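Heads up, the thing below is written out as C-alpha cells.
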Amino acid sequence: MSRAVVFGGAYAIAFFSFLFGPLIIMVITAFNSSKFPRVVPWECFTTGWFAELFGNQRLMDGLLNSVIIGVGVVALAVPIGLAGALALSELPSKLRATLYTVLILPILIPGVVLGISTIVLWGQISRGLGGAVQAGIYNGYFLTIVGQITFVSAYAMLVFIARLQRFDATQTEAALDLGATPGQAFRKILLPFMAPAIGSAAFITLLASFENYNTTVFTVLSESTFTTALASKVRHGTDPSLSALAVIIITITLVGALTNEAVQRRKEAELGGKASRSPLYANPVTRALTHPGVVFAILVAIVATVSYIGSKHDSSVCEAAILQDKLDRQAELRAAQKAKIEAQETEQGITVPKPEGGFGGAFGGLGGAAPTPAAPKPEGGFGGAFGGIAPPAPSE
Amino acid sequence: MPETSPVNSPDRSVLLDHVSIRFGNFTAVDNANLKINSGEFFSFLGPSGCGKTTLLRCISGFSDPTEGRVLIGAKDMKGVGPNKRPTALIFQHLALFPLMSVADNIAFPLEVRGVSKKERRRKAEELLDMIALPGIGDKKVSELSGGQKQRVAIARALAVQPDILLLDEPLSALDLKLRQHMRTELRAIQQQVGVTFIYITHDQGEALTMSDRVAVMSKGVIEQVGAPDQIYNRPRSSFVASFVGENNALKGVVKRQSEDMAALETPMGTFEARVGGGRKYKPGDEALLFVRPEQLVPGQAENAFQATLSRQEFEGATNHVFARAGDTELRVSMVNAGLAGSVGSKGDTLSLGFAPMNATILPVGQIASEA
Amino acid sequence: MKHLTQAYRALANRHGLGAALFVAIAVTLWVVVFITLPQLSMLDYSFRFNLPADQIGTDADHYTLSNFHSFFFNADGSLNTLDLVILGRTLLAAAIVTLIDVLICYPIAYILAHGAKGVAARLMVIGLILPYWINEILRAFAFRVLFGATGVVNTVGMQMGLWDVPVDFIRADVALYFGLSYAYILLMIFPMYNAIEALDHTQVEAARDMGAPLWRVHWRVVLPIAKPGIVSGATMVFMLTAGALAAPQILGGPSNLWFTQVIYQWFNESSNWPRGSAYAVVLLLTCISFVLLMMRVFKVSVGEIGK
Ligand SMILES: Nc1ncnc2c1ncn2[C@@H]1O[C@H](COP(=O)(O)OP(=O)(O)O)[C@@H](O)[C@H]1O
Ligand SMILES: [Mg+2]
C-alpha cells in the first residue's frame with residue numbers, strides 16, 4: 001500500500017508541475033526586461049511591462065467590448081439556461097434525453113462552426129431586412145452575443161440542472177397547499193432556492209463569454225474583444241506585457257480563491273458546530289482575522305502595496321547598461337563577421353550579398369541568446385513571430 | 001377560503017364518495033366511502049404502502065380521484081386546486097422553507113394572500129404563542145430542534161385558518177419520547193382550534209390514543225372504520241384483528257352459531273366466542289378465532305385449555321409469556337405480580353381460559369405480518 | 001408534440017402560467033433560432049456559389065455541389081490530398097491528444113477520488129481549477145514562452161549540453177501537442193472523478209485483499225465504473241481539440257495547418273464563405289460521426305456528457 005502512496009504522491013507532484021510550470025515561468029518573464037519573454041538570461045528586474053500592457057489601446061478597447069458583450073450574454077444566457085433546466089425537469093424521460101442531447105450539442109460542436117453558422121444566418125436575415133435593421137443586426141456586438149448564447153446557455157443549464165436535482169419538490173407543494181398560486185410558489189420558493197446557482201451561472205457564463213475565441217473571432221467582424229485582440233497580439237509577435245497580463249489574472253484568481261476558501265471554512269465551521277470549539281474562534285483577534293471580509297481586505301491591501309512599490313521601480317539604468325552591452329557585442333560580432341567574409345571573399349574572389357541586414361536586424365532586438373550569427377534554419381519560420389519585436393530590418 | 005363559510009358554524013366535514021385512485025393498472029385506493037365529521041380527529045391507520053398518502057394527496061387537491069368524488073363542507077372539490085381548498089397539509093418531512101425565518105414560514109400563507117407586513121408579524125407571533133414557542137420568530141429553520149420544527153409546521157398550516165388539517169405521519173421523524181409528548185400536544189391543539197384533523201399513520205399507538213375515529217387500511221381497501229376501542233375490541237376482519245394490537249389466531253371449523261355467538265372446533269379444543277362483523281356461518285365453515293394475550297387468564301374456567309410454558313419476556317409491568325398447546329404457540333400477557341406471585345418457569349403446565357365475549361371469530365383472511 | 005403540450009401543462013400547473021410561458025419561449029428560441037436555424041443556414045450556404053453581392057438572388061444563384069466537390073477533388077480530378085490530409089491529421093492529432101489526456105488524468109482522478117483526503121484533496125481541486133482561470137490564449141502563450149527558439153526549454157537544454165542549436169519545437173508540433181493536452185485536462189478529470197467517486201472504496205480494498213495486483217484491480221474494478229466518465233471526458237476533449245483554433249494558430253508550425261485554420265482562411269483571407277461553410281459542414285459531420293461511433297463502441301449514451 002505504501003508503495004502505491006509514494007507512487008501516487010510522486011505522480012501528483014509531477015502532474016501539478018506540468019500544470020503550474022508553464023504559468024510560473026510565464027509569471028517570471030513578466031519581470032525580465034528582455035524584449036522576448038524568457039527567464040534566462042536574466043537582464044533586469046522591471047515592472048515596465050505592466051505599463052506597456054495598459055498602454056496597449058487595442059487590448060483596452062477590446063476589454064470594453066468584452067464587458068459589453070459579456071453583460072449581454074449573461075443577461076440572456078442565464079434565463080435561457082434556467083428555462084432549459086426547467087423544461088428538462090418536466091419532460092418524460094425519453095423526450096428529456098433527446099432535448100438534453102440537442103441542448104448540450106452546442107458545447108461539443110466546434111466553436112468555429114458555431115461562429116460561421118451565426119454570421120451566415122444573420123447575414124442572410126439582415127440582407128433580407130436591409131436598412132437600419134441590417135446595421136442593428138449585422139455588427140460585431142449583436143452577432144457575438146447571439147453566437148455565444150448558443151453554447152454559453154448550455155453551461156448555465158448544467159449549473160441549474162445540478163441545483164435543481166437537489167430541490168425538494170414538496171417545498172413547492174407545501175407553498176401551493178398554503179394558498180400560493182403556482183406563480184407565487186415559483187417566485188417565492190423555487191427562485192430563491194436557485195439564487196446561488198443563478199449567481200454561479202452568471203459568473204461562469206461571463207467567464208465563458210470573456211474567454212471565448214473560436215466563435216468570437218468570426219462573429220466579432222471588424223471589432224475585437226479582449227481575447228481576440230490578445231490572440232492577434234500573440235500571433236503577430238509576443239512580448240512580456242502578455243506575461244504581465246497573466247500575472248494580473250493569476251493574482252486576481254488567487255485573491256478570489258483564498259477569499260472563497262475563507263468563506264467555505266467559515267461556513268463549514270459554523271455548520272459543523274465547530275465554531276465554538278475551535279481555538280481560532282475563541283480568540284477575538286484571530287476570529288476577526290479569519291473573517292472572509294478581513295481576509296479579502298488584507299489580500300487587496302497587500303496587492304495594492306506591492307503594485308504601488310512596483311510602479312515606483314525604475315529599471316532604466318540597468319536596461320541602458322544591458323543595451324550598451326548588447327550594442328557592444330553586436331558591433332563586435334559584426335566586425336568579426338565582416339572580417340570573416342572579407343577573408344572568404346579574398347579567398348574565393350567572389351562577391352556575395354551581405355547578410356547583415358536580415359540576420360542582424362532580426363537578432364538586434366532579441367539579444368544574445370543565439371550563440372552564433374550563423375542562424376539555425378528555424379529562424380526563417382520565426383520571422384513573422386518576431387517581427388513585432390525586431391526593429392525593421394533595413395533590407396525588408 | 002374560510003371566509004366563504006358561515007362564521008358561526010362552518011361545515012368542516014369531508015365526504016369520500018366511492019373514491020378510487022389508480023396509477024395505470026395499479027389500484028392505490030379502492031372504493032373509499034366514508035364521512036369525516038366536522039371537528040373530528042380522524043386517523044387513517046395502515047402499513048406502509050397501503051395508499052394512505054395517496055388518499056391524503058387526493059383530499060388536499062394534489063391529485064384527482066380516478067373514480068368518485070371528494071366533498072369538503074358538502075362542496076364537490078373537482079377541479080379545485082390545492083391552493084383553493086380549505087385544507088392545509090403537514091408533510092411527512094414537514095417541508096418548512098429553509099431559506100425563510102420561522103416567522104416568515106408561519107406568515108407565508110398570509111403573505112401570498114397579500115396581508116400587510118405588520119399584520120403578518122402580529123399573526124405569526126400569535127401563532128408562536130399558541131404552539132408555546134414565543135420569541136423564536138427570527139430564528140432560522142435549521143436552528144430548531146425536531147419537535148420545534150414540528151410545531152412550527154403546525155402553526156404554519158393553521159395560519160391559513162383551514163377547515164381541515166391533514167397530517168401525513170408528522171411524528172415519524174421524532175424520537176420515541178418526543179413522539180409520545182407530541183401526541184398529547186396535537187390532541188390539545190386540535191381541541192383548541194376545533195379544526196377537523198385527518199391524521200395518517202402506520203403507528204397504531206398514535207392512531208388509538210389521539211383519534212375520535214380510526215379507519216384501518218390495507219392494500220388500498222378501508223377495512224374498518226370506528227372508535228379506537230371498537231377497532232381494538234370489535235375487529236371486523238382478520239387483518240384488523242391482527243394489525244391492531246397483539247392477537248392470537250386459532251384456526252378451526254365452525255360447529256354451530258346462535259345469534260352473535262358461535263362454537264369453533266380447533267386442534268386445542270372447542271371454544272365459544274363472539275362472532276365478529278355480524279357474519280353468518282354454516283357448520284363446517286373454516287374460521288379464525290382471535291383472542292388477545294391479555295384476555296388469556298390463568299385458572300379461567302370458560303374456554304379452558306392446558307399449555308406448556310415455553311419462554312418468557314420480562315418487560316417490567318407486564319410479563320410476556322409464550323405457551324405451547326399442540327402446534328400453536330400462544331402469547332399470554334400477565335401483569336407483574338411482584339415478588340408475591342410467580343408465573344412459573346419453562347416446562348410448567350399452565351391452565352388458561354378466556355371469556356367468550358372477549359374473543360372474536362372472523363372469516364379466514366389476510367393476517368398482518370409482524371413489524 | 002403530445003408530450004410537449006403535456007410537459008407544458010405540467011409546468012404551468014406547478015410553476016404558473018408565466019413560468020411555463022417563459023420556459024416555452026426561451027427553449028424554443030434557443031433550440032430553433034440559436035441552435036437549428038444557423039446550422040441549416042450554413043448548410044444551405046455550403047451549396048451555393050461564392051457570388052458578389054449584386055448577383056445574389058439572380059439566376060446565377062442556384063445550388064451546387066462544387067464546394068464539396070473541390071474539398072474532395074482538385075480541378076484536374078485528382079484527389080484533393082492537401083485538404084483531406086489536413087482533416088485526417090487533425091482528427092488523428094485530436095485522438096492522440098485525447099488519449100494522452102485519458103492516460104495522464106486517470107491517476108489524478110483516482111487519487112482525487114480515493115487517495116487524497118481533507119486538505120490535500122481540497123488543495124488538489126483548487127490546483128486543478130486555478131490554471132483554467134487564465135485565458136486560453138495566455139495558456140498557449142505560456143507554451144510559446146516555454147518552447148520558443150529562445151525559450152526556457154531550449155536555453156536549459158543547450159546549457160546542459162543536450163543539444164547545441166535551438167530545436168524548433170514549434171515546427172515539430174511538440175509545443176502544440178503539449179498546449180492542447182494541457183488545454184482540456186480539466187474537462188477530462190472532472191467527469192472521470194465523478195464516475196470514480198461513485199465507487200465504494202472497500203471494493204478496491206477487498207480486491208487488494210484477495211491478492212489482486214494493482215493493475216488488475218484498476219482494470220477489473222475501477223475502470224468499469226470510470227468508463228462513462230472517461231467516455232464523457234474523452235468526447236469533450238476530442239471535440240474541443242478537433243475544433244480548436246487558438247492553440248494551433250499560436251503554437252502550430254507554419255506548414256502544419258489544423259483543419260479549423262483552413263476554414264478560417266476561407267472565411268477571413270479568401271472571403272469565400274460558401275467554401276468555408278462547406279468545410280465547416282465537413283468538420284461538423286466528421287466530428288459528430290466520430291463521437292457517435294465511439295459512443296457506439298463503448299456503449300455510452302450522450303446523456304452522460306456534462307454530468
Ligand atoms: N405517482 C405514483 N405512481 C405510481 N404508483 C404510485 C404513485 N404514488 C404512489 N404509488 C403507489 O401507491 C401505493 C401507495 O402509496 P402511498 O399512498 O404513498 O402509501 P403510504 O402512504 O400508505 O405508505 C404504493 O405502492 C406506491 O408505490
Ligand atoms: Mg406515506
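Residue names in the C-alpha cells use chain letters A, B, ... in the order shown, residue numbers from 1 in each chain, and ligand numbers from 1 in the order shown.
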At most 12 Å to chain B: residues in chain A, only C-alpha atoms, as a ChimeraX atom specification: /A:167-196,270-271,273
Keeping only C-alpha atoms, write the selected residues to a file as a short mmCIF file (atom, residue, chain, number, x, y, z; two decimals), in the first residue's frame.
```
data_model
loop_
_atom_site.label_atom_id
_atom_site.label_comp_id
_atom_site.auth_asym_id
_atom_site.auth_seq_id
_atom_site.Cartn_x
_atom_site.Cartn_y
_atom_site.Cartn_z
CA PHE A 167 -34.64 20.76 -4.90
CA ASP A 168 -37.28 19.11 -2.76
CA ALA A 169 -40.46 19.26 -4.84
CA THR A 170 -42.63 19.06 -1.72
CA GLN A 171 -41.49 22.62 -1.00
CA THR A 172 -43.46 23.80 -3.98
CA GLU A 173 -46.39 21.60 -3.00
CA ALA A 174 -46.32 22.99 0.52
CA ALA A 175 -46.46 26.51 -0.87
CA LEU A 176 -49.41 25.62 -3.11
CA ASP A 177 -51.16 23.94 -0.24
CA LEU A 178 -50.72 27.06 1.87
CA GLY A 179 -52.58 29.05 -0.73
CA ALA A 180 -49.83 30.31 -3.01
CA THR A 181 -50.58 30.41 -6.72
CA PRO A 182 -48.14 28.36 -8.84
CA GLY A 183 -46.56 31.65 -9.91
CA GLN A 184 -46.08 32.76 -6.32
CA ALA A 185 -44.59 29.41 -5.40
CA PHE A 186 -42.18 29.76 -8.33
CA ARG A 187 -41.08 33.25 -7.34
CA LYS A 188 -41.01 32.82 -3.59
CA ILE A 189 -39.76 29.24 -3.23
CA LEU A 190 -38.04 27.91 -6.34
CA LEU A 191 -36.29 31.08 -7.48
CA PRO A 192 -34.79 31.88 -4.06
CA PHE A 193 -33.61 28.28 -3.90
CA MET A 194 -31.99 28.72 -7.29
CA ALA A 195 -30.42 32.06 -6.36
CA PRO A 196 -26.93 30.75 -5.59
CA GLU A 270 -20.48 27.22 11.60
CA LEU A 271 -22.48 24.31 10.26
CA GLY A 273 -20.80 23.40 15.32
#
```
Find the residues of chain B that sit at most 6 Å from ligand 1; for each, write down the nearest two atoms and how far apart they are in Å, to one decimal. Count only C-alpha atoms and all ligand atoms. Sort by chain, then by number going up, and give it as JSON lines.
```
{"residue": "B:Phe23", "atom": "CA", "partner": "ligand 1", "partner_atom_place_in_ligand_line": "4 (C)", "distance": 4.9}
{"residue": "B:Ala28", "atom": "CA", "partner": "ligand 1", "partner_atom_place_in_ligand_line": "12 (O)", "distance": 4.6}
{"residue": "B:Ser48", "atom": "CA", "partner": "ligand 1", "partner_atom_place_in_ligand_line": "23 (O)", "distance": 3.7}
{"residue": "B:Gly49", "atom": "CA", "partner": "ligand 1", "partner_atom_place_in_ligand_line": "19 (O)", "distance": 3.4}
{"residue": "B:Cys50", "atom": "CA", "partner": "ligand 1", "partner_atom_place_in_ligand_line": "22 (O)", "distance": 4.0}
{"residue": "B:Gly51", "atom": "CA", "partner": "ligand 1", "partner_atom_place_in_ligand_line": "17 (O)", "distance": 3.2}
{"residue": "B:Lys52", "atom": "CA", "partner": "ligand 1", "partner_atom_place_in_ligand_line": "22 (O)", "distance": 3.7}
{"residue": "B:Thr53", "atom": "CA", "partner": "ligand 1", "partner_atom_place_in_ligand_line": "21 (O)", "distance": 3.6}
{"residue": "B:Thr54", "atom": "CA", "partner": "ligand 1", "partner_atom_place_in_ligand_line": "17 (O)", "distance": 3.7}
```
What does the file look like for those residues with N, CA, C and O atoms, as a PDB file, in the first residue's frame?
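Output below, filename again_6.pdb:
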```pdb
ATOM      1  N   PHE B  23     -53.017   4.145 -10.446  1.00  0.00           N
ATOM      2  CA  PHE B  23     -51.853   4.520 -11.255  1.00  0.00           C
ATOM      3  C   PHE B  23     -51.700   3.444 -12.304  1.00  0.00           C
ATOM      4  O   PHE B  23     -51.218   2.361 -11.999  1.00  0.00           O
ATOM      5  N   ALA B  28     -54.314   2.104  -6.018  1.00  0.00           N
ATOM      6  CA  ALA B  28     -53.696   2.521  -4.759  1.00  0.00           C
ATOM      7  C   ALA B  28     -54.757   2.729  -3.689  1.00  0.00           C
ATOM      8  O   ALA B  28     -54.514   2.473  -2.517  1.00  0.00           O
ATOM      9  N   SER B  48     -47.185   0.601   5.793  1.00  0.00           N
ATOM     10  CA  SER B  48     -46.553   1.421   4.764  1.00  0.00           C
ATOM     11  C   SER B  48     -46.919   0.906   3.370  1.00  0.00           C
ATOM     12  O   SER B  48     -46.914  -0.294   3.130  1.00  0.00           O
ATOM     13  N   GLY B  49     -47.293   1.804   2.484  1.00  0.00           N
ATOM     14  CA  GLY B  49     -47.598   1.418   1.109  1.00  0.00           C
ATOM     15  C   GLY B  49     -49.051   1.046   0.882  1.00  0.00           C
ATOM     16  O   GLY B  49     -49.412   0.600  -0.201  1.00  0.00           O
ATOM     17  N   CYS B  50     -49.922   1.250   1.896  1.00  0.00           N
ATOM     18  CA  CYS B  50     -51.302   0.819   1.723  1.00  0.00           C
ATOM     19  C   CYS B  50     -52.160   1.872   1.037  1.00  0.00           C
ATOM     20  O   CYS B  50     -53.337   1.664   0.794  1.00  0.00           O
ATOM     21  N   GLY B  51     -51.576   3.048   0.743  1.00  0.00           N
ATOM     22  CA  GLY B  51     -52.326   4.058  -0.002  1.00  0.00           C
ATOM     23  C   GLY B  51     -52.768   5.248   0.820  1.00  0.00           C
ATOM     24  O   GLY B  51     -53.567   6.061   0.346  1.00  0.00           O
ATOM     25  N   LYS B  52     -52.237   5.397   2.023  1.00  0.00           N
ATOM     26  CA  LYS B  52     -52.674   6.496   2.887  1.00  0.00           C
ATOM     27  C   LYS B  52     -52.298   7.851   2.303  1.00  0.00           C
ATOM     28  O   LYS B  52     -53.140   8.745   2.191  1.00  0.00           O
ATOM     29  N   THR B  53     -51.013   7.985   1.929  1.00  0.00           N
ATOM     30  CA  THR B  53     -50.567   9.273   1.392  1.00  0.00           C
ATOM     31  C   THR B  53     -51.327   9.611   0.112  1.00  0.00           C
ATOM     32  O   THR B  53     -51.737  10.756  -0.102  1.00  0.00           O
ATOM     33  N   THR B  54     -51.531   8.605  -0.705  1.00  0.00           N
ATOM     34  CA  THR B  54     -52.256   8.818  -1.955  1.00  0.00           C
ATOM     35  C   THR B  54     -53.643   9.394  -1.683  1.00  0.00           C
ATOM     36  O   THR B  54     -54.072  10.346  -2.334  1.00  0.00           O
TER      37      THR B  54
END
```
Show which residues sit within 12 Å of Glu126 in chain B, as a ChimeraX atom specification. Count only C-alpha atoms, and ignore same-chain residues fewer than 5 positions away. /B:103,106-107,119-121,131-137,155-156,158-159
Just write the chosen residues, N, CA and C atoms, as an mmCIF file, in the first residue's frame.
```
data_model
loop_
_atom_site.group_PDB
_atom_site.id
_atom_site.type_symbol
_atom_site.label_atom_id
_atom_site.label_comp_id
_atom_site.auth_asym_id
_atom_site.auth_seq_id
_atom_site.Cartn_x
_atom_site.Cartn_y
_atom_site.Cartn_z
ATOM 1 N N ALA B 103 -40.688 33.019 11.467
ATOM 2 C CA ALA B 103 -41.868 33.880 11.347
ATOM 3 C C ALA B 103 -42.326 33.974 9.892
ATOM 4 N N ILE B 106 -44.214 30.873 8.975
ATOM 5 C CA ILE B 106 -45.567 30.829 9.514
ATOM 6 C C ILE B 106 -46.472 31.817 8.788
ATOM 7 N N ALA B 107 -45.892 32.975 8.408
ATOM 8 C CA ALA B 107 -46.715 34.012 7.782
ATOM 9 C C ALA B 107 -46.817 33.831 6.272
ATOM 10 N N GLU B 119 -49.312 43.122 9.960
ATOM 11 C CA GLU B 119 -50.342 42.174 10.341
ATOM 12 C C GLU B 119 -49.782 40.755 10.355
ATOM 13 N N ARG B 120 -48.903 40.475 9.365
ATOM 14 C CA ARG B 120 -48.297 39.136 9.295
ATOM 15 C C ARG B 120 -47.462 38.862 10.522
ATOM 16 N N ARG B 121 -46.700 39.858 10.900
ATOM 17 C CA ARG B 121 -45.833 39.732 12.061
ATOM 18 C C ARG B 121 -46.665 39.440 13.316
ATOM 19 N N ILE B 131 -48.322 27.728 19.934
ATOM 20 C CA ILE B 131 -47.563 26.476 19.971
ATOM 21 C C ILE B 131 -46.492 26.520 21.049
ATOM 22 N N ALA B 132 -46.592 27.509 21.956
ATOM 23 C CA ALA B 132 -45.704 27.600 23.111
ATOM 24 C C ALA B 132 -44.247 27.769 22.714
ATOM 25 N N LEU B 133 -44.022 28.506 21.648
ATOM 26 C CA LEU B 133 -42.638 28.804 21.261
ATOM 27 C C LEU B 133 -42.503 30.306 21.023
ATOM 28 N N PRO B 134 -42.841 31.130 22.017
ATOM 29 C CA PRO B 134 -42.800 32.573 21.772
ATOM 30 C C PRO B 134 -41.366 33.045 21.554
ATOM 31 N N GLY B 135 -41.215 34.044 20.684
ATOM 32 C CA GLY B 135 -39.915 34.694 20.541
ATOM 33 C C GLY B 135 -38.900 33.983 19.662
ATOM 34 N N ILE B 136 -39.299 32.913 18.956
ATOM 35 C CA ILE B 136 -38.299 32.281 18.094
ATOM 36 C C ILE B 136 -38.482 32.704 16.636
ATOM 37 N N GLY B 137 -39.330 33.701 16.411
ATOM 38 C CA GLY B 137 -39.675 34.103 15.047
ATOM 39 C C GLY B 137 -38.508 34.434 14.150
ATOM 40 N N ALA B 155 -48.125 25.367 13.159
ATOM 41 C CA ALA B 155 -48.518 26.775 13.219
ATOM 42 C C ALA B 155 -48.672 27.341 11.815
ATOM 43 N N ARG B 156 -47.754 26.985 10.910
ATOM 44 C CA ARG B 156 -47.825 27.496 9.545
ATOM 45 C C ARG B 156 -49.106 27.023 8.872
ATOM 46 N N LEU B 158 -51.849 26.214 10.340
ATOM 47 C CA LEU B 158 -53.038 26.811 10.958
ATOM 48 C C LEU B 158 -53.182 28.280 10.604
ATOM 49 N N ALA B 159 -52.088 28.887 10.105
ATOM 50 C CA ALA B 159 -52.144 30.309 9.784
ATOM 51 C C ALA B 159 -53.166 30.606 8.699
#
```
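Checking C:Ala142, C:Leu257, C:Ile96, C:Leu199 one by one against chain A, counting only C-alpha atoms, you find the shortest gap at C:Ala142.
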Distance of CA of Asn139 in chain A from CA of Ile35 in chain C, expressed in Å to one decimal place: 19.6 Å
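The protein and nucleic acid residues lying at most 9 Å from Pro107 in chain C are A:Gly8, A:Tyr11, A:Ala12, with only C-alpha atoms considered and sequence neighbours fewer than 6 positions away removed.
Among the candidate residues C:Leu21, C:Ile108, C:Ile86, C:Ala195, the one lying nearest to chain A is C:Ile108, with distances computed using only C-alpha atoms.
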Determine, counting only C-alpha atoms, which protein, DNA and RNA residues have an atom within 7 Å of an atom of Gly226 in chain B; residues of the same chain fewer than 3 positions away are not included. Present the result as an MDAnalysis selection string. chainID B and resid 213:215 230:231
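Distance check against ligand 2 using only C-alpha atoms and all ligand atoms: of B:Glu185, B:Asp17, B:Asp168, B:Asp348, the minimum falls on B:Asp168.
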Per DSSP on the backbone, what are the alpha helix (DSSP H) residues of range 157-352 of chain A, as a ChimeraX atom specification? /A:157-165,169-177,182-185,191-211,216-219,226-235,241-271,279-282,284-289,292-312,316-348
Please identify all polymer residues within 8 Å of range 248-255 of chain C, counting only C-alpha atoms, omitting same-chain residues fewer than 6 positions from it, and present them as a list in words. Ala231, Val234, Arg235 and Gly381 of chain A; Ala140, Phe141, Phe143, Arg144, Ile170, Arg171, Ala172, Asp173, Ala175, Leu176, Gly179 and Gln261 of chain C
Could you take the residues named above and write them with all heavy atoms, as a CSV table (one decimal), in the first residue's frame?
```
chain,number,residue,atom,x,y,z
A,231,ALA,N,-5.2,37.4,-28.9
A,231,ALA,CA,-4.8,36.3,-29.8
A,231,ALA,C,-4.0,37.0,-31.0
A,231,ALA,O,-3.0,36.4,-31.4
A,231,ALA,CB,-5.9,35.5,-30.3
A,234,VAL,N,-0.6,37.8,-29.8
A,234,VAL,CA,0.3,36.7,-29.6
A,234,VAL,C,0.7,36.2,-31.0
A,234,VAL,O,1.9,35.8,-31.2
A,234,VAL,CB,-0.4,35.6,-28.8
A,234,VAL,CG1,0.5,34.3,-28.8
A,234,VAL,CG2,-0.8,36.0,-27.5
A,235,ARG,N,-0.2,36.1,-31.9
A,235,ARG,CA,0.1,35.6,-33.3
A,235,ARG,C,1.1,36.5,-34.0
A,235,ARG,O,1.9,36.0,-34.7
A,235,ARG,CB,-1.1,35.5,-34.1
A,235,ARG,CG,-2.0,34.3,-33.7
A,235,ARG,CD,-3.3,34.3,-34.5
A,235,ARG,NE,-3.1,34.1,-35.9
A,235,ARG,CZ,-4.0,34.4,-36.8
A,235,ARG,NH1,-5.1,35.0,-36.5
A,235,ARG,NH2,-3.8,34.1,-38.1
A,381,GLY,N,11.3,30.6,-40.2
A,381,GLY,CA,9.8,30.5,-39.9
A,381,GLY,C,9.4,31.4,-38.8
A,381,GLY,O,8.2,31.7,-38.6
C,140,ALA,N,-1.8,29.2,-24.1
C,140,ALA,CA,-1.0,28.9,-25.3
C,140,ALA,C,0.3,29.7,-25.3
C,140,ALA,O,1.4,29.1,-25.6
C,140,ALA,CB,-1.8,29.1,-26.5
C,141,PHE,N,0.2,30.9,-24.9
C,141,PHE,CA,1.3,31.8,-24.9
C,141,PHE,C,2.4,31.3,-24.0
C,141,PHE,O,3.6,31.3,-24.3
C,141,PHE,CB,0.9,33.2,-24.5
C,141,PHE,CG,2.0,34.2,-24.3
C,141,PHE,CD1,2.8,34.6,-25.3
C,141,PHE,CD2,2.3,34.6,-23.0
C,141,PHE,CE1,3.8,35.5,-25.0
C,141,PHE,CE2,3.3,35.5,-22.7
C,141,PHE,CZ,4.1,36.0,-23.7
C,143,PHE,N,3.1,28.3,-23.4
C,143,PHE,CA,3.9,27.2,-24.0
C,143,PHE,C,4.8,27.8,-25.1
C,143,PHE,O,5.8,27.2,-25.4
C,143,PHE,CB,2.9,26.2,-24.6
C,143,PHE,CG,2.5,25.2,-23.5
C,143,PHE,CD1,1.3,25.5,-22.8
C,143,PHE,CD2,3.2,24.1,-23.2
C,143,PHE,CE1,0.9,24.6,-21.8
C,143,PHE,CE2,2.8,23.2,-22.2
C,143,PHE,CZ,1.7,23.5,-21.5
C,144,ARG,N,4.4,28.9,-25.7
C,144,ARG,CA,5.3,29.5,-26.6
C,144,ARG,C,6.5,30.0,-25.9
C,144,ARG,O,7.6,29.9,-26.4
C,144,ARG,CB,4.5,30.7,-27.2
C,144,ARG,CG,5.3,31.4,-28.2
C,144,ARG,CD,4.8,31.1,-29.6
C,144,ARG,NE,5.3,32.1,-30.5
C,144,ARG,CZ,4.5,32.7,-31.4
C,144,ARG,NH1,3.3,32.4,-31.5
C,144,ARG,NH2,5.0,33.7,-32.1
C,170,ILE,N,8.3,24.2,-32.2
C,170,ILE,CA,7.1,24.7,-32.8
C,170,ILE,C,6.8,24.0,-34.1
C,170,ILE,O,5.7,23.5,-34.4
C,170,ILE,CB,7.1,26.2,-32.9
C,170,ILE,CG1,7.2,26.7,-31.4
C,170,ILE,CG2,5.8,26.7,-33.6
C,170,ILE,CD1,6.5,27.9,-31.1
C,171,ARG,N,7.8,24.0,-35.0
C,171,ARG,CA,7.7,23.4,-36.3
C,171,ARG,C,7.4,21.9,-36.1
C,171,ARG,O,6.6,21.3,-36.9
C,171,ARG,CB,8.9,23.6,-37.1
C,171,ARG,CG,8.8,23.1,-38.5
C,171,ARG,CD,10.0,23.4,-39.3
C,171,ARG,NE,10.1,24.8,-39.6
C,171,ARG,CZ,9.6,25.4,-40.7
C,171,ARG,NH1,8.9,24.7,-41.6
C,171,ARG,NH2,9.8,26.7,-40.9
C,172,ALA,N,8.0,21.3,-35.1
C,172,ALA,CA,7.8,19.9,-34.9
C,172,ALA,C,6.5,19.6,-34.2
C,172,ALA,O,6.2,18.4,-33.8
C,172,ALA,CB,9.0,19.3,-34.0
C,173,ASP,N,5.7,20.6,-33.9
C,173,ASP,CA,4.4,20.4,-33.3
C,173,ASP,C,4.4,19.9,-31.9
C,173,ASP,O,3.4,19.6,-31.3
C,173,ASP,CB,3.5,19.5,-34.1
C,173,ASP,CG,2.8,20.2,-35.3
C,173,ASP,OD1,2.8,21.5,-35.2
C,173,ASP,OD2,2.3,19.6,-36.2
C,175,ALA,N,5.2,21.7,-29.2
C,175,ALA,CA,4.5,22.8,-28.4
C,175,ALA,C,3.0,22.6,-28.6
C,175,ALA,O,2.3,22.7,-27.6
C,175,ALA,CB,5.0,24.1,-28.9
C,176,LEU,N,2.6,22.3,-29.8
C,176,LEU,CA,1.1,22.2,-30.0
C,176,LEU,C,0.5,21.1,-29.2
C,176,LEU,O,-0.5,21.2,-28.6
C,176,LEU,CB,0.9,22.1,-31.5
C,176,LEU,CG,-0.6,21.9,-31.9
C,176,LEU,CD1,-1.4,23.2,-31.5
C,176,LEU,CD2,-0.7,21.7,-33.4
C,179,GLY,N,0.5,22.0,-25.6
C,179,GLY,CA,-0.5,23.0,-25.3
C,179,GLY,C,-1.9,22.4,-25.4
C,179,GLY,O,-2.7,22.8,-24.5
C,261,GLN,N,-8.0,26.0,-39.1
C,261,GLN,CA,-7.3,27.1,-39.7
C,261,GLN,C,-7.6,27.2,-41.2
C,261,GLN,O,-7.7,28.3,-41.8
C,261,GLN,CB,-5.8,26.9,-39.5
C,261,GLN,CG,-5.3,27.2,-38.1
C,261,GLN,CD,-3.9,26.9,-37.9
C,261,GLN,OE1,-3.5,25.7,-37.8
C,261,GLN,NE2,-3.0,27.9,-37.9
```
What is the CA of Phe20 in chain A-CA of Val300 in chain A distance in Å, reported with one decimal? 23.1 Å
From a DSSP pass on the backbone, collect the residues of range 2-89 of chain B flagged as strand (DSSP E) and hand them back as an MDAnalysis selection string. chainID B and resid 14:23 26:36 41:45 67:72 75:76 87:89
Report as a list in words all protein, DNA and RNA residues lying within 9 Å of Val221 in chain C, evaluated on only C-alpha atoms, omitting residues in the same chain fewer than 6 positions from it. Leu199, Gln203, Val204 and Ala207 of chain C
Under the rule that only C-alpha atoms are counted, which of A:Asn65, A:Gln134, A:Asn260, A:Gln330 is the nearest residue to chain C? A:Asn260
